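S.K.: Questions regarding the structure given below will be posed in turn.
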Amino acid sequence: MRHPILVSACLLGLQTRYDGQAKPKEKVLRYLATNGLIPVPVCPEQLAGQPTPRPATRFACGNGEMVLDGTGSVVSVTGSNMNDIFIRGANETLKIARLCGCTQALLKERSPSCGVHQIHLGDCIIEGQGVACALLRREGLQIYSEEDL
Ligand code: SF4
């Protein structure tokens, strides 16, 4: 039986990134095919209602967990606080996971929404999760990134 898996849409070749580009990874497609998984593409930032292209976004304080708890912040390069938008996108992504019966997710490393092990804090790369990743993990999904394959 084939199982559904939530996958960052940009990893599947969909042009969802802030710059209007995709980040297709051959090894992701190979992994899905080899393991008989049905990809469910999601882009938390688009699901939040943001346009594409859109301003790049980074953490100004904390990480995805802390944004969910109200103690962190994620901001756009134009200086707007994006916490509410990112939380909305994370919640919409969780709804899709539940609708499709996904118990695992393969997400794009270092994104402020999807990052699994690392994120950008200002100009630095630090250990931490994106906002959508943090919520999905809290809800019990097994999460890994394209760099774990
Ligand atoms: S939010 Fe996630 S799926 Fe959307 S473009 Fe960024 S990394 Fe890709």
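By convention in this document, the chains of the structure tokens carry letters A, B, ... by their order, each chain's residues are numbered from 1, and ligands are numbered from 1 in the order they are shown.
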Skip A:Ala22 itself and residues of its chain fewer than 5 positions away, then list as a VMD selection string all residues within 7 Å of it, counting only C-alpha atoms.
M.R.: chain A and resid 10 to 11 13 to 17
S.K.: Using 6 Å as the limit and counting only C-alpha atoms and all ligand atoms, can you tabulate each residue of chain A that touches ligand 1, with its shortest atom-to-atom distance in Å and the two atoms involved, as CSV?
M.R.:
residue,atom,partner,partner_atom_place_in_ligand_line,distance
A:Ser8,CA,ligand 1,3 (S),3.9
A:Ala9,CA,ligand 1,3 (S),4.5
A:Cys10,CA,ligand 1,8 (Fe),4.3
A:Thr16,CA,ligand 1,5 (S),4.5
A:Arg17,CA,ligand 1,5 (S),3.5
A:Val42,CA,ligand 1,3 (S),5.8
A:Cys43,CA,ligand 1,4 (Fe),3.6
A:Pro44,CA,ligand 1,1 (S),4.9
A:Glu45,CA,ligand 1,1 (S),4.6
A:Lys108,CA,ligand 1,7 (S),4.9
A:Ser111,CA,ligand 1,7 (S),4.9
A:Ser113,CA,ligand 1,1 (S),5.1
A:Cys114,CA,ligand 1,2 (Fe),4.6
S.K.: Keeping N, CA, C and O atoms for every residue in the selection just given, could you write it to a file as an mmCIF file, in the first residue's frame?
M.R.:
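Contents of out.cif, as written:
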data_model
loop_
_atom_site.group_PDB
_atom_site.id
_atom_site.type_symbol
_atom_site.label_atom_id
_atom_site.label_comp_id
_atom_site.auth_asym_id
_atom_site.auth_seq_id
_atom_site.Cartn_x
_atom_site.Cartn_y
_atom_site.Cartn_z
ATOM 1 N N SER A 8 7.475 19.662 0.805
ATOM 2 C CA SER A 8 7.606 21.069 0.402
ATOM 3 C C SER A 8 7.489 21.147 -1.116
ATOM 4 O O SER A 8 8.246 20.498 -1.851
ATOM 5 N N ALA A 9 6.554 21.977 -1.575
ATOM 6 C CA ALA A 9 6.236 22.022 -3.006
ATOM 7 C C ALA A 9 7.444 22.386 -3.865
ATOM 8 O O ALA A 9 7.620 21.847 -4.960
ATOM 9 N N CYS A 10 8.308 23.262 -3.348
ATOM 10 C CA CYS A 10 9.467 23.700 -4.146
ATOM 11 C C CYS A 10 10.426 22.541 -4.411
ATOM 12 O O CYS A 10 11.107 22.533 -5.438
ATOM 13 N N THR A 16 7.277 27.853 -6.110
ATOM 14 C CA THR A 16 6.603 28.455 -4.959
ATOM 15 C C THR A 16 7.507 29.351 -4.124
ATOM 16 O O THR A 16 7.031 30.003 -3.205
ATOM 17 N N ARG A 17 8.802 29.375 -4.421
ATOM 18 C CA ARG A 17 9.727 30.104 -3.548
ATOM 19 C C ARG A 17 9.504 31.612 -3.595
ATOM 20 O O ARG A 17 8.899 32.133 -4.520
ATOM 21 N N VAL A 42 2.903 20.913 -0.533
ATOM 22 C CA VAL A 42 2.390 22.049 0.243
ATOM 23 C C VAL A 42 3.438 23.156 0.267
ATOM 24 O O VAL A 42 4.640 22.888 0.325
ATOM 25 N N CYS A 43 2.969 24.385 0.218
ATOM 26 C CA CYS A 43 3.833 25.542 0.453
ATOM 27 C C CYS A 43 3.170 26.382 1.536
ATOM 28 O O CYS A 43 2.199 27.099 1.267
ATOM 29 N N PRO A 44 3.650 26.289 2.777
ATOM 30 C CA PRO A 44 3.008 27.028 3.866
ATOM 31 C C PRO A 44 2.903 28.524 3.599
ATOM 32 O O PRO A 44 1.914 29.158 4.004
ATOM 33 N N GLU A 45 3.883 29.080 2.917
ATOM 34 C CA GLU A 45 3.859 30.540 2.701
ATOM 35 C C GLU A 45 2.781 30.925 1.692
ATOM 36 O O GLU A 45 2.122 31.957 1.840
ATOM 37 N N LYS A 108 11.850 21.369 3.133
ATOM 38 C CA LYS A 108 13.037 22.058 2.612
ATOM 39 C C LYS A 108 13.860 22.666 3.744
ATOM 40 O O LYS A 108 13.373 23.507 4.501
ATOM 41 N N SER A 111 14.496 26.852 5.339
ATOM 42 C CA SER A 111 13.412 27.808 5.088
ATOM 43 C C SER A 111 12.816 28.269 6.422
ATOM 44 O O SER A 111 12.715 27.477 7.358
ATOM 45 N N SER A 113 9.809 28.705 7.037
ATOM 46 C CA SER A 113 8.608 27.894 7.257
ATOM 47 C C SER A 113 8.952 26.424 7.393
ATOM 48 O O SER A 113 8.470 25.743 8.290
ATOM 49 N N CYS A 114 9.750 25.925 6.466
ATOM 50 C CA CYS A 114 9.934 24.479 6.313
ATOM 51 C C CYS A 114 11.210 23.928 6.949
ATOM 52 O O CYS A 114 11.347 22.707 7.057
#
S.K.: List every residue of stretch 83-106 of chain A that has an atom at most 6 Å from any atom of stretch 143-149 of chain A, and for each one report the closest atom pair and its distance in Å to one decimal, counting only C-alpha atoms, with rows sorted by chain and then by increasing residue number, as JSON lines.
M.R.:
{"residue": "A:Gln104", "atom": "CA", "partner": "A:Ile143", "partner_atom": "CA", "distance": 5.7}
{"residue": "A:Ala105", "atom": "CA", "partner": "A:Ile143", "partner_atom": "CA", "distance": 4.9}
{"residue": "A:Leu106", "atom": "CA", "partner": "A:Tyr144", "partner_atom": "CA", "distance": 5.1}
S.K.: Using only C-alpha atoms, pick whichever of A:Gly62, A:Gly101, A:Pro51, A:Gly130 has the shortest atom-to-atom distance to A:Ile87.
M.R.: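 Of all the options, A:Gly130 lies closest to A:Ile87.
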S.K.: Which residues, written as a list in words, have at least one atom at most 10 Å from A:Ala60, with only C-alpha atoms counted and residues fewer than 6 positions away on the same chain left out?
M.R.: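 So, after excluding close chain neighbours, the residues are Gly72, Ser73, Val74, Val75, Ser76, Gly79, Asn81, His120, Leu121, Gly122 and Asp123 of chain A.
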S.K.: Report the distance between atom CA of A:Gln129 and atom CA of A:Met66 in Å, rounded to one decimal place.
M.R.: 9.6 Å
S.K.: Please report, as an MDAnalysis selection string, each residue of chain A to which DSSP assigns alpha helix (DSSP H) when run on this structure's backbone.
M.R.: chainID A and resid 26:34 44:47 64:69 83:100 131:138
S.K.: Which of these residues is nearest to A:Phe59, using only C-alpha atoms: A:Ile119, A:Leu12, A:Leu6, A:Ile85?
M.R.: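 Closest to A:Phe59 of all the choices is A:Ile119.
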S.K.: Could you pull out the strand (DSSP E) residues of chain A, going by DSSP on the backbone, and write them as an NGL selection string?
M.R.: :A and (3-8 or 37-42 or 57-61 or 73-76 or 104-107 or 118-121 or 124-127 or 142-145)
S.K.: Keeping only N, CA, C and O atoms, take the residues you just selected and write them out as a CSV table (one decimal), in the first residue's frame.
M.R.:
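Ended up saving to result-v5.csv:
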chain,number,residue,atom,x,y,z
A,3,HIS,N,1.7,5.2,0.8
A,3,HIS,CA,1.3,6.1,1.9
A,3,HIS,C,1.6,7.5,1.4
A,3,HIS,O,2.5,7.8,0.7
A,4,PRO,N,0.7,8.5,1.9
A,4,PRO,CA,0.9,9.9,1.5
A,4,PRO,C,2.0,10.5,2.4
A,4,PRO,O,2.1,10.1,3.6
A,5,ILE,N,2.7,11.4,1.8
A,5,ILE,CA,3.7,12.2,2.6
A,5,ILE,C,3.6,13.6,2.2
A,5,ILE,O,3.6,14.0,1.0
A,6,LEU,N,3.6,14.5,3.2
A,6,LEU,CA,3.6,16.0,2.9
A,6,LEU,C,5.0,16.3,2.4
A,6,LEU,O,6.0,15.9,3.0
A,7,VAL,N,5.1,17.1,1.3
A,7,VAL,CA,6.4,17.5,0.8
A,7,VAL,C,6.4,19.0,0.4
A,7,VAL,O,5.4,19.5,-0.1
A,8,SER,N,7.5,19.7,0.8
A,8,SER,CA,7.6,21.1,0.4
A,8,SER,C,7.5,21.1,-1.1
A,8,SER,O,8.2,20.5,-1.9
A,37,LEU,N,5.9,6.2,-2.0
A,37,LEU,CA,5.2,7.3,-1.3
A,37,LEU,C,4.4,8.2,-2.3
A,37,LEU,O,4.9,8.5,-3.4
A,38,ILE,N,3.2,8.7,-1.9
A,38,ILE,CA,2.5,9.6,-2.7
A,38,ILE,C,2.7,11.0,-2.1
A,38,ILE,O,2.3,11.3,-1.0
A,39,PRO,N,3.4,11.9,-2.9
A,39,PRO,CA,3.7,13.2,-2.4
A,39,PRO,C,2.4,14.1,-2.4
A,39,PRO,O,1.7,14.1,-3.3
A,40,VAL,N,2.3,14.8,-1.3
A,40,VAL,CA,1.2,15.8,-1.1
A,40,VAL,C,1.9,17.2,-1.1
A,40,VAL,O,2.5,17.5,0.0
A,41,PRO,N,2.0,17.9,-2.2
A,41,PRO,CA,2.8,19.2,-2.2
A,41,PRO,C,2.1,20.3,-1.4
A,41,PRO,O,0.9,20.5,-1.5
A,42,VAL,N,2.9,20.9,-0.5
A,42,VAL,CA,2.4,22.0,0.2
A,42,VAL,C,3.4,23.2,0.3
A,42,VAL,O,4.6,22.9,0.3
A,57,THR,N,12.2,36.3,3.8
A,57,THR,CA,11.9,36.4,5.2
A,57,THR,C,12.9,35.6,6.0
A,57,THR,O,13.4,34.6,5.5
A,58,ARG,N,13.2,36.1,7.2
A,58,ARG,CA,14.2,35.4,8.1
A,58,ARG,C,13.7,35.6,9.5
A,58,ARG,O,13.0,36.5,9.8
A,59,PHE,N,14.3,34.8,10.4
A,59,PHE,CA,14.0,35.0,11.8
A,59,PHE,C,14.8,36.2,12.3
A,59,PHE,O,16.0,36.4,11.9
A,60,ALA,N,14.2,37.0,13.1
A,60,ALA,CA,14.9,38.1,13.7
A,60,ALA,C,15.2,37.7,15.2
A,60,ALA,O,16.1,38.3,15.8
A,61,CYS,N,14.4,36.8,15.7
A,61,CYS,CA,14.5,36.4,17.1
A,61,CYS,C,14.0,34.9,17.2
A,61,CYS,O,12.9,34.7,16.8
A,73,SER,N,10.4,35.9,16.5
A,73,SER,CA,9.8,36.7,15.4
A,73,SER,C,10.5,36.4,14.1
A,73,SER,O,11.7,36.1,14.1
A,74,VAL,N,9.6,36.4,13.1
A,74,VAL,CA,10.1,36.2,11.7
A,74,VAL,C,9.7,37.5,11.0
A,74,VAL,O,8.6,38.0,11.1
A,75,VAL,N,10.6,38.0,10.2
A,75,VAL,CA,10.4,39.3,9.6
A,75,VAL,C,10.8,39.3,8.1
A,75,VAL,O,11.6,38.5,7.7
A,76,SER,N,10.1,40.1,7.3
A,76,SER,CA,10.5,40.2,5.9
A,76,SER,C,11.6,41.2,5.7
A,76,SER,O,11.9,42.0,6.6
A,104,GLN,N,3.9,11.8,8.0
A,104,GLN,CA,5.3,12.2,7.8
A,104,GLN,C,5.4,13.3,6.8
A,104,GLN,O,4.5,13.5,6.0
A,105,ALA,N,6.5,14.1,6.9
A,105,ALA,CA,6.7,15.2,6.0
A,105,ALA,C,8.2,15.3,5.6
A,105,ALA,O,9.1,15.1,6.4
A,106,LEU,N,8.4,15.7,4.4
A,106,LEU,CA,9.8,15.9,3.8
A,106,LEU,C,9.8,17.4,3.5
A,106,LEU,O,9.2,17.8,2.5
A,107,LEU,N,10.6,18.1,4.2
A,107,LEU,CA,10.6,19.6,4.1
A,107,LEU,C,11.9,20.2,3.7
A,107,LEU,O,13.0,19.6,4.0
A,118,GLN,N,17.9,23.4,10.5
A,118,GLN,CA,18.6,24.7,10.4
A,118,GLN,C,17.7,25.8,9.9
A,118,GLN,O,16.8,25.5,9.0
A,119,ILE,N,17.9,27.0,10.3
A,119,ILE,CA,17.2,28.2,9.8
A,119,ILE,C,18.1,29.4,9.7
A,119,ILE,O,19.3,29.3,10.3
A,120,HIS,N,17.7,30.4,9.1
A,120,HIS,CA,18.5,31.6,9.0
A,120,HIS,C,18.0,32.6,10.2
A,120,HIS,O,16.8,32.9,10.2
A,121,LEU,N,18.9,33.0,11.0
A,121,LEU,CA,18.6,34.0,12.0
A,121,LEU,C,19.5,35.2,11.6
A,121,LEU,O,20.7,35.2,11.7
A,124,CYS,N,23.0,34.7,9.9
A,124,CYS,CA,23.6,33.5,10.4
A,124,CYS,C,22.7,32.3,10.1
A,124,CYS,O,21.5,32.4,10.1
A,125,ILE,N,23.3,31.1,10.0
A,125,ILE,CA,22.6,29.9,9.9
A,125,ILE,C,22.7,29.2,11.3
A,125,ILE,O,23.8,29.1,11.8
A,126,ILE,N,21.6,28.9,11.9
A,126,ILE,CA,21.6,28.3,13.3
A,126,ILE,C,20.8,27.1,13.3
A,126,ILE,O,20.0,26.8,12.4
A,127,GLU,N,20.9,26.3,14.4
A,127,GLU,CA,20.1,25.1,14.6
A,127,GLU,C,18.7,25.6,14.9
A,127,GLU,O,18.5,26.5,15.7
A,142,GLN,N,6.3,12.7,11.7
A,142,GLN,CA,7.7,12.5,11.6
A,142,GLN,C,8.3,13.4,10.4
A,142,GLN,O,7.7,13.4,9.3
A,143,ILE,N,9.3,14.1,10.8
A,143,ILE,CA,9.8,15.1,9.8
A,143,ILE,C,11.2,14.9,9.4
A,143,ILE,O,12.0,14.6,10.3
A,144,TYR,N,11.5,15.0,8.2
A,144,TYR,CA,12.9,15.0,7.7
A,144,TYR,C,13.1,15.9,6.5
A,144,TYR,O,12.1,16.4,6.0
A,145,SER,N,14.3,16.3,6.2
A,145,SER,CA,14.6,17.2,5.2
A,145,SER,C,15.2,16.5,4.0
A,145,SER,O,15.6,15.3,4.1
S.K.: So the first atom is atom CA of A:Leu136 and the second is atom CA of A:Arg110; what is the distance between them in Å, to one decimal place?
M.R.: 15.8 Å
S.K.: Restricting the calculation to only C-alpha atoms, which member of A:Glu26, A:Thr71, A:Val131, A:Thr103 is positioned closest to A:Asn91?
M.R.: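 Checking each candidate against A:Asn91, we get A:Val131 as the closest.
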S.K.: Using only C-alpha atoms, find the one residue out of A:Gly115, A:Glu109, A:Leu135, A:Thr93 that sits nearest to A:Gly49.
M.R.: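 Of A:Gly115, A:Glu109, A:Leu135, A:Thr93, the one nearest A:Gly49 is A:Thr93, counting only C-alpha atoms.
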S.K.: Considering only C-alpha atoms, can you say which of A:Leu141, A:Met1, A:Ala97, A:Cys133 comes closest to A:Asn63?
M.R.: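 Smallest distance to A:Asn63 is found for A:Cys133.
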S.K.: What is the atom CA of A:Gly64 to atom CA of A:Met82 distance in Å?
M.R.: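 Atom CA of A:Met82 lies 11.8 Å from atom CA of A:Gly64.
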